[in-house]
Amino acid sequence: MTQKLLRGRVLSFNERPQSIDDHGAYQYFEDGALLLADGRITAMGDYSDVAIKASGEFEVIDHHPFLILPGFIDPHLHFVQMQVVASYAANLLEWLNTYTFVEEQRFADPDHGARIAGEFFDTMIRFGTTTAAAYCSVHAASADAYFAEAERRNMLMLGGKCMMDRNCPEPLRDTPQQGYDETKALIEKWHGRGRNHYAITPRFAITSSPEQMEMVGALAAEHPDLHIQTHLSENDAEIAFTRELFPDQPDYLGIYEHYGLLGPKSLMGHAIHLEPREIARMAETRTVAVSCPTSNLFLGSGLFDHDGLQAAGVPIAVATDIGGGTSFSMLKTMDEFYKVLQLKGQRLNPLLSFYRMTRGNAEALSLADRIGSLNAGTDADLVVLNSRATPEMALKMRRVEHLAEELFLLQTLGDDRAVVETYVAGEALKREVEEART
Ligand code: GUN
Ligand code: ZN
């Protein structure tokens with residue numbers, strides 16, 4: 001296969017930056033390059049050093065003066081909610097009942113699922129997101145559509161069919177046995193096929209009976225290598241209802257704990273209103289708190305305590321939560337995360353933001369050996385960013401003197417317009433997607 005030599009300003013994080021001056025946390029090459037072969041990165045460094053490693057047949061692609069970063073990672077969203085975005089509701093439970101549980105019923109039709117999966121992956125690529133962890137609907141066919149499209153595009157994606165057997169409309173209910181059987185069959189069919197990762201997906205404690213939670217626990221015990229994704233402590237009314245449904249458990253997290261669902265591959269969406277016991281157990285079990293800032297602001301759910309959870313040692317990820325979230329852009333998501341932290345009296349420095357969108361989210365997904373950096377040997381999933389993508393950005397760039405200022409500008413004013421190109425396993429896909437849509 002032909003090698004690709006990409007030239008540009010290359011930025012990759014090694015570890016979580018401790019401050020805005022923590023220059024040891026990342027590698028940055030002003031005249032940098034990456035060498036790609038067989039879907040992998042084979043070298044990263046200064047252009048002059050990398051160029052001499054290219055031999056035989058190779059294509060040179062010059063992305064100067066743009067930044068080349070690892071592709072963005074979105075660890076919590078609902079691919080079946082693309083048409084729920086921007087639905088007018090007072091709060092989470094009203095939003096779920098009025099719009100979301102109605103929309104998801106459309107996925108009983110496999111053709112609808114296939115159509116939205118196509119739209120979804122086009123959108124991921126246009127926004128520079130190369131890996132996501134998605135909730136499908138309760139219908140196994142929606143997970144089939146999702147993973148088939150991921151495989152077709154050779155993207156590293158996580159996802160799973162929701163299990164839900166109560167407190168939702170009848171057409172969206174499975175049963176404990178059906179949820180188990182369908183999940184089992186989907187794992188068999190899709191996990192490890194292409195770059196797909198199956199995630200066991202009990203939607204949240206409100207929509208699963210104790211009998212279903214037992215079955216979810218059995219699935220988790222039978223597949224300890226798989227991710228688990230669910231929702232935790234997003235909204236006060238949701239928490240109160242959950243506590244009524246599981247009165248024997250000490251708190252919301254305690255329900256998932258009781259059924260054996262905590263651990264470093266367990267992704268807890270939102271995790272806003274946590275008790276000290278829950279925070280301590282999340283830290284001890286390395287269970288991941290996935291913050292969804294645009295969703296939390298849009299639904300008025302609350303403000304995520306970034307510094308508190310980080311100090312307690314809870315692994316943190318940041319995600320869009322489409323369609324409670326309001327943007328597919330990880331740049332916009334970090335812009336809103338910054339504002340959430342401001343309201344908490346906390347600071348989010350731009351190095352930490354870009355770490356979180358890339359390597360941080362990869363570490364939270366236990367996938368940093370494959371994605372999230374530009375280290376040789378990892379998968380060639382990349383995003384190319386233009387900090388002058390709009391006239392306003394170009395104007396502000398004239399005042400920018402340092403890399404951190406440029407990253408902050410990208411986060412504050414950038415979106416899909418700043419994404420020049422998205423590479424998936426070494427293939428440039430964004431221009432192709434845009435041309436196919438025009
Ligand atoms: N809790 C359970 N389901 C959902 C969902 O679809 N979106 C959000 N934001 N919270 C949830
Ligand atoms: Zn969600």
# chains A, B, ... in the order shown; residues from 1 in each chain; ligands from 1

$ residues_near_ligand --ligand "ligand 1" --cutoff "6 Å" --atoms "only C-alpha atoms and all ligand atoms" --output "PDB file with C-alpha atoms, in the first residue's frame"
ATOM      1  CA  ARG A 203     -30.176   2.814  29.083  1.00  0.00           C
ATOM      2  CA  PHE A 204     -30.510   3.871  32.742  1.00  0.00           C
ATOM      3  CA  HIS A 231     -26.608   7.288  32.514  1.00  0.00           C
ATOM      4  CA  GLY A 324     -29.756  16.230  24.448  1.00  0.00           C
TER       5      GLY A 324
END

$ residues_near_ligand --ligand "ligand 2" --cutoff "9 Å" --atoms "only C-alpha atoms and all ligand atoms" --output "PyMOL selection string"
chain A and resi 76-78+134-135+203+230-231+269-270+292+295+320-325

$ write_last_selection --atoms "N, CA and C atoms" --output "PDB file, in the first residue's frame"
ATOM      1  N   HIS A  76     -19.920   9.768  24.342  1.00  0.00           N
ATOM      2  CA  HIS A  76     -21.329   9.557  24.732  1.00  0.00           C
ATOM      3  C   HIS A  76     -22.238  10.358  23.805  1.00  0.00           C
ATOM      4  N   LEU A  77     -22.992   9.660  22.992  1.00  0.00           N
ATOM      5  CA  LEU A  77     -24.040  10.307  22.200  1.00  0.00           C
ATOM      6  C   LEU A  77     -25.009   9.238  21.721  1.00  0.00           C
ATOM      7  N   HIS A  78     -26.138   9.709  21.185  1.00  0.00           N
ATOM      8  CA  HIS A  78     -27.203   8.795  20.754  1.00  0.00           C
ATOM      9  C   HIS A  78     -27.374   8.970  19.252  1.00  0.00           C
ATOM     10  N   ALA A 134     -21.733   5.256  20.984  1.00  0.00           N
ATOM     11  CA  ALA A 134     -23.115   5.662  20.709  1.00  0.00           C
ATOM     12  C   ALA A 134     -24.124   4.686  21.305  1.00  0.00           C
ATOM     13  N   TYR A 135     -25.257   5.255  21.719  1.00  0.00           N
ATOM     14  CA  TYR A 135     -26.431   4.469  22.066  1.00  0.00           C
ATOM     15  C   TYR A 135     -27.238   4.298  20.787  1.00  0.00           C
ATOM     16  N   ARG A 203     -30.029   1.363  29.315  1.00  0.00           N
ATOM     17  CA  ARG A 203     -30.176   2.814  29.083  1.00  0.00           C
ATOM     18  C   ARG A 203     -29.954   3.627  30.355  1.00  0.00           C
ATOM     19  N   THR A 230     -24.052   3.741  30.369  1.00  0.00           N
ATOM     20  CA  THR A 230     -25.365   4.060  30.919  1.00  0.00           C
ATOM     21  C   THR A 230     -25.361   5.507  31.408  1.00  0.00           C
ATOM     22  N   HIS A 231     -26.471   5.920  32.024  1.00  0.00           N
ATOM     23  CA  HIS A 231     -26.608   7.288  32.514  1.00  0.00           C
ATOM     24  C   HIS A 231     -26.649   7.279  34.047  1.00  0.00           C
ATOM     25  N   GLY A 269     -22.695   8.366  31.839  1.00  0.00           N
ATOM     26  CA  GLY A 269     -23.033   9.652  31.242  1.00  0.00           C
ATOM     27  C   GLY A 269     -23.569  10.627  32.276  1.00  0.00           C
ATOM     28  N   HIS A 270     -23.056  11.843  32.243  1.00  0.00           N
ATOM     29  CA  HIS A 270     -23.488  13.002  33.050  1.00  0.00           C
ATOM     30  C   HIS A 270     -22.837  13.058  34.433  1.00  0.00           C
ATOM     31  N   CYS A 292     -21.283  15.902  29.803  1.00  0.00           N
ATOM     32  CA  CYS A 292     -21.942  16.270  28.545  1.00  0.00           C
ATOM     33  C   CYS A 292     -22.419  17.719  28.656  1.00  0.00           C
ATOM     34  N   SER A 295     -25.482  19.412  26.654  1.00  0.00           N
ATOM     35  CA  SER A 295     -26.732  18.784  27.064  1.00  0.00           C
ATOM     36  C   SER A 295     -27.144  19.266  28.452  1.00  0.00           C
ATOM     37  N   THR A 320     -20.568  14.883  23.587  1.00  0.00           N
ATOM     38  CA  THR A 320     -21.626  15.772  23.069  1.00  0.00           C
ATOM     39  C   THR A 320     -23.014  15.429  23.602  1.00  0.00           C
ATOM     40  N   ASP A 321     -23.299  14.148  23.825  1.00  0.00           N
ATOM     41  CA  ASP A 321     -24.658  13.705  24.166  1.00  0.00           C
ATOM     42  C   ASP A 321     -25.705  14.190  23.167  1.00  0.00           C
ATOM     43  N   ILE A 322     -25.402  14.164  21.904  1.00  0.00           N
ATOM     44  CA  ILE A 322     -26.466  14.336  20.897  1.00  0.00           C
ATOM     45  C   ILE A 322     -27.528  13.280  21.170  1.00  0.00           C
ATOM     46  N   GLY A 323     -28.874  13.538  21.191  1.00  0.00           N
ATOM     47  CA  GLY A 323     -29.515  14.762  20.903  1.00  0.00           C
ATOM     48  C   GLY A 323     -29.932  15.609  22.095  1.00  0.00           C
ATOM     49  N   GLY A 324     -29.584  15.254  23.389  1.00  0.00           N
ATOM     50  CA  GLY A 324     -29.756  16.230  24.448  1.00  0.00           C
ATOM     51  C   GLY A 324     -28.744  17.347  24.248  1.00  0.00           C
ATOM     52  N   GLY A 325     -27.578  16.999  23.752  1.00  0.00           N
ATOM     53  CA  GLY A 325     -26.545  17.976  23.423  1.00  0.00           C
ATOM     54  C   GLY A 325     -26.947  18.771  22.186  1.00  0.00           C
TER      55      GLY A 325
END

$ closest_residue --among "A:Met393, A:Arg195, A:Ala145, A:Leu156" --to "Glu405 of chain A" --atoms "only C-alpha atoms"
A:Met393

$ atom_distance --atom1 "atom CA of Arg243 of chain A" --atom2 "atom CA of Lys161 of chain A"
24.7 Å

$ closest_residue --among "A:Met268, A:Val384, A:Met397, A:Ile61" --to "Thr422 of chain A" --atoms "only C-alpha atoms"
A:Val384

$ atom_distance --atom1 "atom CA of Phe298 of chain A" --atom2 "atom CA of Thr100 of chain A"
14.6 Å

$ closest_residue --among "A:Gln411, A:Asn91, A:Gln342, A:Thr98" --to "Ser301 of chain A" --atoms "only C-alpha atoms"
A:Asn91

$ residues_around --residues "segment 140-142 of chain A" --least-positions-apart "6" --cutoff "12 Å" --atoms "only C-alpha atoms" --output "ChimeraX atom specification"
/A:78-81,104-118,134,148-149,159-163,172-174,178-187,189-190,201

$ select_by_dssp --residues "segment 94-255 of chain A" --states "helix (DSSP H, G or I)" --output "number ranges by chain"
A: 94-108, 110-126, 140-153, 170-172, 176-190, 205-207, 210-222, 236-245, 252-255

$ atom_distance --atom1 "atom CA of Met357 of chain A" --atom2 "atom CA of Asn296 of chain A"
17.8 Å

$ closest_residue --among "A:Met330, A:Leu67, A:Val290, A:Leu5" --to "Asp49 of chain A" --atoms "only C-alpha atoms"
A:Leu5

$ residues_around --residues "Met213 of chain A" --least-positions-apart "4" --cutoff "10 Å" --atoms "only C-alpha atoms" --output "NGL selection string"
:A and (163-165 or 176 or 202 or 204-205 or 207-209 or 217-219 or 255-256 or 258-261)

$ write_last_selection --atoms "C-alpha atoms" --output "mmCIF file, in the first residue's frame"
data_model
loop_
_atom_site.group_PDB
_atom_site.id
_atom_site.type_symbol
_atom_site.label_atom_id
_atom_site.label_comp_id
_atom_site.auth_asym_id
_atom_site.auth_seq_id
_atom_site.Cartn_x
_atom_site.Cartn_y
_atom_site.Cartn_z
ATOM 1 C CA MET A 163 -31.884 -2.462 26.984
ATOM 2 C CA MET A 164 -35.112 -1.024 28.449
ATOM 3 C CA ASP A 165 -38.139 -2.942 29.732
ATOM 4 C CA PRO A 176 -34.952 -9.115 30.303
ATOM 5 C CA PRO A 202 -28.662 -0.618 29.850
ATOM 6 C CA PHE A 204 -30.510 3.871 32.742
ATOM 7 C CA ALA A 205 -31.891 2.442 35.958
ATOM 8 C CA THR A 207 -36.009 1.981 32.257
ATOM 9 C CA SER A 208 -34.679 -1.382 33.493
ATOM 10 C CA SER A 209 -36.480 -3.608 35.994
ATOM 11 C CA GLY A 217 -25.044 -8.078 35.209
ATOM 12 C CA ALA A 218 -24.846 -11.551 33.684
ATOM 13 C CA LEU A 219 -23.805 -10.093 30.318
ATOM 14 C CA ILE A 255 -27.750 0.267 41.795
ATOM 15 C CA TYR A 256 -25.176 -0.256 39.069
ATOM 16 C CA HIS A 258 -25.165 -4.006 43.022
ATOM 17 C CA TYR A 259 -25.452 -5.569 39.563
ATOM 18 C CA GLY A 260 -21.681 -5.652 38.970
ATOM 19 C CA LEU A 261 -21.555 -2.827 36.434
#

$ closest_residue --among "A:Gly426, A:Pro75, A:Gly254, A:Gly192" --to "Gln3 of chain A" --atoms "only C-alpha atoms"
A:Gly426

$ closest_residue --among "A:Phe66, A:Phe58, A:Phe304, A:Phe29" --to "Phe13 of chain A" --atoms "only C-alpha atoms"
A:Phe29

$ residues_around --residues "Pro169 of chain A" --least-positions-apart "6" --cutoff "10 Å" --atoms "only C-alpha atoms" --output "VMD selection string"
chain A and resid 97 101 to 102 105

$ residues_around --residues "segment 44-46 of chain A" --least-positions-apart "6" --cutoff "6 Å" --atoms "only C-alpha atoms" --output "ChimeraX atom specification"
/A:29,31-34

$ select_by_dssp --residues "segment 237-361 of chain A" --states "strand (DSSP E or B)" --output "VMD selection string"
chain A and resid 266 to 270 288 to 291 316 to 318

$ write_last_selection --atoms "all heavy atoms" --output "CSV table (one decimal), in the first residue's frame"
chain,number,residue,atom,x,y,z
A,266,SER,N,-16.6,1.1,32.4
A,266,SER,CA,-17.9,1.5,32.5
A,266,SER,C,-18.0,3.0,32.4
A,266,SER,O,-17.3,3.8,33.1
A,266,SER,CB,-18.4,1.1,33.9
A,266,SER,OG,-18.5,-0.3,34.0
A,267,LEU,N,-18.9,3.5,31.5
A,267,LEU,CA,-19.0,4.9,31.1
A,267,LEU,C,-20.3,5.4,31.6
A,267,LEU,O,-21.4,5.0,31.2
A,267,LEU,CB,-18.9,5.0,29.6
A,267,LEU,CG,-17.8,4.2,28.9
A,267,LEU,CD1,-18.0,4.3,27.4
A,267,LEU,CD2,-16.4,4.8,29.3
A,268,MET,N,-20.2,6.3,32.6
A,268,MET,CA,-21.4,6.9,33.3
A,268,MET,C,-21.7,8.3,32.7
A,268,MET,O,-21.0,9.2,33.1
A,268,MET,CB,-21.2,7.0,34.8
A,268,MET,CG,-20.9,5.6,35.5
A,268,MET,SD,-22.5,4.7,35.5
A,268,MET,CE,-21.8,3.0,35.5
A,269,GLY,N,-22.7,8.4,31.8
A,269,GLY,CA,-23.0,9.7,31.2
A,269,GLY,C,-23.6,10.6,32.3
A,269,GLY,O,-24.4,10.3,33.1
A,270,HIS,N,-23.1,11.8,32.2
A,270,HIS,CA,-23.5,13.0,33.1
A,270,HIS,C,-22.8,13.1,34.4
A,270,HIS,O,-22.0,13.9,34.7
A,270,HIS,CB,-25.0,13.1,33.1
A,270,HIS,CG,-25.6,13.1,31.8
A,270,HIS,ND1,-25.6,14.2,30.9
A,270,HIS,CD2,-26.3,12.2,31.0
A,270,HIS,CE1,-26.1,13.9,29.8
A,270,HIS,NE2,-26.6,12.7,29.8
A,288,VAL,N,-15.8,5.6,34.9
A,288,VAL,CA,-15.6,6.8,34.2
A,288,VAL,C,-16.8,7.8,34.3
A,288,VAL,O,-17.9,7.3,34.0
A,288,VAL,CB,-15.3,6.6,32.7
A,288,VAL,CG1,-15.0,7.9,31.9
A,288,VAL,CG2,-14.1,5.6,32.5
A,289,ALA,N,-16.6,9.0,34.6
A,289,ALA,CA,-17.6,10.0,34.6
A,289,ALA,C,-17.5,10.8,33.2
A,289,ALA,O,-16.5,11.4,32.9
A,289,ALA,CB,-17.4,11.0,35.7
A,290,VAL,N,-18.6,10.7,32.4
A,290,VAL,CA,-18.6,11.3,31.1
A,290,VAL,C,-19.4,12.6,31.2
A,290,VAL,O,-20.7,12.5,31.2
A,290,VAL,CB,-19.1,10.3,30.0
A,290,VAL,CG1,-18.9,11.0,28.6
A,290,VAL,CG2,-18.4,9.0,30.1
A,291,SER,N,-18.8,13.7,31.1
A,291,SER,CA,-19.5,14.9,31.2
A,291,SER,C,-20.1,15.3,29.8
A,291,SER,O,-19.4,15.1,28.8
A,291,SER,CB,-18.6,16.1,31.7
A,291,SER,OG,-19.4,17.3,31.8
A,316,ILE,N,-12.2,11.0,34.0
A,316,ILE,CA,-13.2,12.0,33.4
A,316,ILE,C,-13.1,11.9,31.8
A,316,ILE,O,-12.0,11.9,31.3
A,316,ILE,CB,-12.9,13.4,33.8
A,316,ILE,CG1,-13.1,13.5,35.3
A,316,ILE,CG2,-13.7,14.5,33.1
A,316,ILE,CD1,-12.7,14.9,36.0
A,317,ALA,N,-14.2,12.0,31.2
A,317,ALA,CA,-14.3,12.1,29.7
A,317,ALA,C,-15.3,13.2,29.4
A,317,ALA,O,-16.1,13.6,30.3
A,317,ALA,CB,-14.8,10.8,29.1
A,318,VAL,N,-15.3,13.7,28.2
A,318,VAL,CA,-16.2,14.8,27.8
A,318,VAL,C,-16.8,14.5,26.5
A,318,VAL,O,-16.1,14.0,25.6
A,318,VAL,CB,-15.5,16.2,27.7
A,318,VAL,CG1,-16.5,17.3,27.5
A,318,VAL,CG2,-14.7,16.4,29.0

$ residues_around --residues "Leu36 of chain A" --least-positions-apart "5" --cutoff "12 Å" --atoms "only C-alpha atoms" --output "PDB file with C-alpha atoms, in the first residue's frame"
ATOM      1  CA  MET A   1       0.000   0.000   0.000  1.00  0.00           C
ATOM      2  CA  THR A   2       1.182   3.515  -0.785  1.00  0.00           C
ATOM      3  CA  GLN A   3       2.581   5.458   2.119  1.00  0.00           C
ATOM      4  CA  LYS A   4       1.409   8.997   2.866  1.00  0.00           C
ATOM      5  CA  LEU A   5       3.710  11.734   4.112  1.00  0.00           C
ATOM      6  CA  LEU A   6       1.596  14.447   5.754  1.00  0.00           C
ATOM      7  CA  ARG A   7       3.247  17.782   6.386  1.00  0.00           C
ATOM      8  CA  ILE A  41       1.117   6.054  11.849  1.00  0.00           C
ATOM      9  CA  THR A  42       4.657   4.829  11.291  1.00  0.00           C
ATOM     10  CA  ALA A  43       6.535   8.012  12.238  1.00  0.00           C
ATOM     11  CA  MET A  44       5.902  11.429  13.825  1.00  0.00           C
ATOM     12  CA  VAL A  50      10.255  11.959   9.005  1.00  0.00           C
ATOM     13  CA  ALA A  51      10.710  12.651   5.276  1.00  0.00           C
ATOM     14  CA  LYS A  53      12.062   7.601   6.565  1.00  0.00           C
ATOM     15  CA  ALA A  54       9.668   7.547   3.600  1.00  0.00           C
ATOM     16  CA  SER A  55      10.885   5.106   0.989  1.00  0.00           C
ATOM     17  CA  GLU A  57       6.211   4.779  -3.323  1.00  0.00           C
ATOM     18  CA  PHE A  58       4.705   7.611  -1.271  1.00  0.00           C
ATOM     19  CA  GLU A  59       2.312  10.494  -1.660  1.00  0.00           C
ATOM     20  CA  VAL A  60       3.121  13.875  -0.067  1.00  0.00           C
ATOM     21  CA  ILE A  61       0.205  15.899   1.289  1.00  0.00           C
ATOM     22  CA  LEU A 374      -0.012  10.517  16.972  1.00  0.00           C
ATOM     23  CA  ASN A 375       2.520   8.040  18.326  1.00  0.00           C
ATOM     24  CA  ALA A 376       4.063   5.620  15.850  1.00  0.00           C
ATOM     25  CA  GLY A 377       2.182   2.329  15.885  1.00  0.00           C
ATOM     26  CA  THR A 378      -1.231   3.849  16.601  1.00  0.00           C
ATOM     27  CA  ASP A 379      -4.124   4.062  14.141  1.00  0.00           C
ATOM     28  CA  ALA A 380      -3.990   6.915  11.612  1.00  0.00           C
ATOM     29  CA  ASP A 381      -7.197   8.660  12.740  1.00  0.00           C
ATOM     30  CA  LEU A 382      -6.516  12.375  12.377  1.00  0.00           C
ATOM     31  CA  TYR A 423      -8.430  10.918   8.161  1.00  0.00           C
ATOM     32  CA  VAL A 424      -9.788   7.526   9.159  1.00  0.00           C
ATOM     33  CA  ALA A 425      -7.246   4.701   9.223  1.00  0.00           C
ATOM     34  CA  GLY A 426      -5.058   6.759   6.915  1.00  0.00           C
ATOM     35  CA  GLU A 427      -7.778   7.692   4.397  1.00  0.00           C
ATOM     36  CA  ALA A 428      -8.925  11.295   3.898  1.00  0.00           C
TER      37      ALA A 428
END

$ decode --residues "segment 98-110 of chain A" --atoms "N, CA, C and O atoms" --output "compact mmCIF listing (two decimals), in the first residue's frame"
# COMPACT_ATOMS: atom_id res chain seq x y z
N THR A 98 -41.54 13.43 25.69
CA THR A 98 -42.24 14.17 24.63
C THR A 98 -41.62 13.95 23.26
O THR A 98 -42.33 13.88 22.26
N TYR A 99 -40.31 13.85 23.21
CA TYR A 99 -39.65 13.80 21.91
C TYR A 99 -38.85 12.51 21.68
O TYR A 99 -38.94 11.86 20.66
N THR A 100 -38.02 12.20 22.68
CA THR A 100 -36.98 11.18 22.45
C THR A 100 -37.58 9.79 22.32
O THR A 100 -37.25 9.05 21.37
N PHE A 101 -38.47 9.43 23.24
CA PHE A 101 -39.09 8.11 23.16
C PHE A 101 -40.04 8.00 21.97
O PHE A 101 -40.39 6.91 21.55
N VAL A 102 -40.45 9.11 21.43
CA VAL A 102 -41.28 9.10 20.22
C VAL A 102 -40.38 8.87 19.00
O VAL A 102 -40.61 7.98 18.18
N GLU A 103 -39.32 9.65 18.93
CA GLU A 103 -38.40 9.56 17.78
C GLU A 103 -37.77 8.16 17.68
O GLU A 103 -37.65 7.59 16.59
N GLU A 104 -37.38 7.62 18.82
CA GLU A 104 -36.66 6.33 18.76
C GLU A 104 -37.56 5.19 18.25
O GLU A 104 -37.05 4.19 17.73
N GLN A 105 -38.87 5.37 18.33
CA GLN A 105 -39.78 4.33 17.80
C GLN A 105 -39.65 4.19 16.28
O GLN A 105 -39.96 3.15 15.71
N ARG A 106 -39.19 5.24 15.62
CA ARG A 106 -39.02 5.17 14.15
C ARG A 106 -37.99 4.11 13.75
O ARG A 106 -37.96 3.65 12.62
N PHE A 107 -37.12 3.76 14.71
CA PHE A 107 -36.04 2.82 14.38
C PHE A 107 -36.51 1.36 14.37
O PHE A 107 -35.71 0.46 14.16
N ALA A 108 -37.81 1.16 14.57
CA ALA A 108 -38.38 -0.17 14.33
C ALA A 108 -38.25 -0.50 12.84
O ALA A 108 -38.23 -1.68 12.45
N ASP A 109 -38.15 0.53 12.02
CA ASP A 109 -38.00 0.36 10.57
C ASP A 109 -36.50 0.32 10.23
O ASP A 109 -35.81 1.34 10.35
N PRO A 110 -35.99 -0.84 9.81
CA PRO A 110 -34.54 -0.94 9.55
C PRO A 110 -34.07 0.03 8.46
O PRO A 110 -32.92 0.48 8.51
